[in-house]
Amino acid sequence: MSTVLQTNNLTKQYGSLTAVHSLDLSIEEGQIFGLLGPNGSGKTTTLGMILGVTNATSGSFNWYGQIPSPEARKKVGAILEKPCFYPYLSAKKNLQIVAKIKGVTEDRIAEVLQEVGLFDRMDDTFETYSLGMKQRLAIASALLANPPVLILDEPTNGLDPQGIVEIREIIQKIAASGKTIILASHLLDEVQKVCTHFAVLNKGKKLFQGSVKDAISGQTIIEVGSSNMNMLKAALENLSGLKSMVLNGSHYRLEVEPEVTMEYISKTLMAQGITPTHLNKNEGSLEQEFMKILNQHA
Amino acid sequence: MLRLFQIEWIKVKSNRSFWALLLLYILGVYVLCSIGTGLMNMTSSVNGQQTMDLSTMNMYNFPNTWHNLTYIASYLKIFLSITMIVGISNEVQHKTLRQNIIDGMSKVEFIISKVINAFFLATIATLFIVAIGVYFGNTYADNMAWEVVSQRLDFVGAFFLQTFTFLVFSLFIGLLVKSSGLAIVFTIAYSFFIETFFTWIFLDSDGILAAALPMNALDNLIQFPVSLSPTTEVQNTVGLKEILICFIWLVVDIGLSYLALCKKDL
């Protein structure tokens, strides 16, 4: 597996404010990489630097091990912040400009517009588009040169639920085709549904980088309820593999080792004459992990 | 180069404000250049006694036509400059400039594409002034022989250089000043007053330093075509030194535009 993007001590300062603080990121081929962080954490600034439109204060980065160049950018399809097109031009003409810049033929314009469901509207001007359509056009534009790498910055920002679902389906389709995707978002749910790897940024610093699967499977939550909560409490306290336990309404919420199964808990309780009335297992979510990471560094 | 021209052409072709401003410029040049038809028939009389007869003053007589018309038209190049500034400001505001770079255009290529745009506008302006010269000359000139018409065509070349350089200067201002309104006001103020006042007050309107300032350099290419006093002679050819200074500004303005673009966080 080869490294698509590598940043070394990448730093951006605006006056006294350090928007990105010596960032080291490494993204491998085929990853769907989520760049997470609250608003203002430096996600867009980072993407701006690796796309050659924001001048880094110090540090460096490279694409496929090579010094950044316009040629390297032609192999990346990217949207930064919001879709940027000529408002008085039709979708088709806007994509013709992109095709000319990237030096590819215009054959794929119809194809990518079809892919995002804008084929019927390709002769309408960009300014007449709804926000959802603008986002979809931006994705079509990023796909135009069939690049191995896509960068999407908050692609569902400001969309209604239906629009969000549409964009997510498009992203999942692209992900399935084997492209490397860098997805900046503050929507954890979105990243969890799509991404394989993620990094957490806050105030310009990287707090964490790892795989989504590991982060989620690290935590298993089991909820147990019974008619006799006192007996239940006593029994659970001696359970092996228990990490923590809190009373949550009518049941206990246990954080346990991944090896602890519901069957095991059920058997243990039965052996002590307790019948569980409520038994439920929750896989961890990225949201919990994310809050944990932010709190650890707070 | 062709690729950059094609890109610029797609951007410009459907841009209504671009064509509207160009049309305004062309109409303005036509109207200003037709002043001479009124002057020819103008006489002024005091108490029934004729004091002035301008009918002998035909500004369309070759070879002076080229000097007269290019001088008059040069006052309207500000319209073309506005076209340029609005174009750049829109690219910055709509962040299409940023998207162009993200898509893989280099900053040099972006500047070249805008210089091509300026070249295109200057070419249209020059072709139009030639057309106007031929039209009015054909109607009013005493002599349309090629030997006469082809004299002093260097003023037409100077007009092209002047317009082109001014447009590249506007490109630089458009990239430097964020708001298009401010950039336009600055360009108008600078080209009409600021430099003139500066020259008066600090440089006594004379010397190599005065001639080297960007607007003076443009103005000196095509000077006032009428002699105001018996001691001053009217320019009859475009000076080599003036052309050289103008060329230097052309290169400097392109360089400054590139630097302004590189310094910018888009």
# chains A, B, ... in the order shown; residues from 1 in each chain; ligands from 1
>>> interface_residues(of="chain B", to="chain A", cutoff="7 Å", atoms="only C-alpha atoms", output="JSON, numbers by chain")
{"B": [3, 7, 14, 15, 94, 95, 96, 98, 99, 101, 102, 103, 104, 105, 106, 265, 266]}
>>> write_last_selection(atoms="C-alpha atoms", output="PDB file, in the first residue's frame")
ATOM      1  CA  ARG B   3      -5.961  26.005 -23.921  1.00  0.00           C
ATOM      2  CA  ILE B   7     -10.809  28.564 -20.889  1.00  0.00           C
ATOM      3  CA  SER B  14     -21.754  34.081 -21.667  1.00  0.00           C
ATOM      4  CA  ASN B  15     -20.778  36.916 -19.334  1.00  0.00           C
ATOM      5  CA  HIS B  94     -17.068  33.582  -6.215  1.00  0.00           C
ATOM      6  CA  LYS B  95     -13.854  31.740  -5.307  1.00  0.00           C
ATOM      7  CA  THR B  96     -13.642  30.394  -8.844  1.00  0.00           C
ATOM      8  CA  ARG B  98      -9.368  29.318  -5.945  1.00  0.00           C
ATOM      9  CA  GLN B  99     -11.237  26.454  -7.589  1.00  0.00           C
ATOM     10  CA  ILE B 101      -6.016  26.515  -8.817  1.00  0.00           C
ATOM     11  CA  ILE B 102      -7.409  23.516  -6.899  1.00  0.00           C
ATOM     12  CA  ASP B 103      -8.400  21.916 -10.195  1.00  0.00           C
ATOM     13  CA  GLY B 104      -4.787  22.092 -11.308  1.00  0.00           C
ATOM     14  CA  MET B 105      -4.215  25.461 -12.972  1.00  0.00           C
ATOM     15  CA  SER B 106      -0.916  27.013 -11.955  1.00  0.00           C
ATOM     16  CA  ASP B 265      -4.453  33.098   0.644  1.00  0.00           C
ATOM     17  CA  LEU B 266      -7.255  32.267  -1.737  1.00  0.00           C
TER      18      LEU B 266
END
>>> residues_around(residues="region 235-245 of chain B", least_positions_apart="2", cutoff="6 Å", atoms="only C-alpha atoms", output="list in words")
Leu221, Phe247 and Ile248 of chain B
>>> write_last_selection(atoms="C-alpha atoms", output="PDB file, in the first residue's frame")
ATOM      1  CA  LEU B 221       2.913  57.672 -25.934  1.00  0.00           C
ATOM      2  CA  PHE B 247       7.076  48.028 -22.239  1.00  0.00           C
ATOM      3  CA  ILE B 248       8.892  48.018 -18.931  1.00  0.00           C
TER       4      ILE B 248
END
>>> residues_around(residues="Ile139 (chain A)", least_positions_apart="6", cutoff="10 Å", atoms="only C-alpha atoms", output="MDAnalysis selection string")
chainID A and resid 77:79 83 112:113 115:116 133 150:152 155 167 170:171
>>> residues_around(residues="Gly42 (chain A)", least_positions_apart="6", cutoff="8 Å", atoms="only C-alpha atoms", output="list in words")
Ala19, Val20, Leu201, Asn202, Lys203 and Gly204 of chain A
>>> closest_residue(among="A:Gln296, A:Asn9, A:Thr220, A:Ser185", to="Asn39 (chain A)", atoms="only C-alpha atoms")
A:Ser185
>>> closest_residue(among="A:Gln288, A:Ser26, A:Gln66, A:Thr18", to="Gly210 (chain A)", atoms="only C-alpha atoms")
A:Ser26
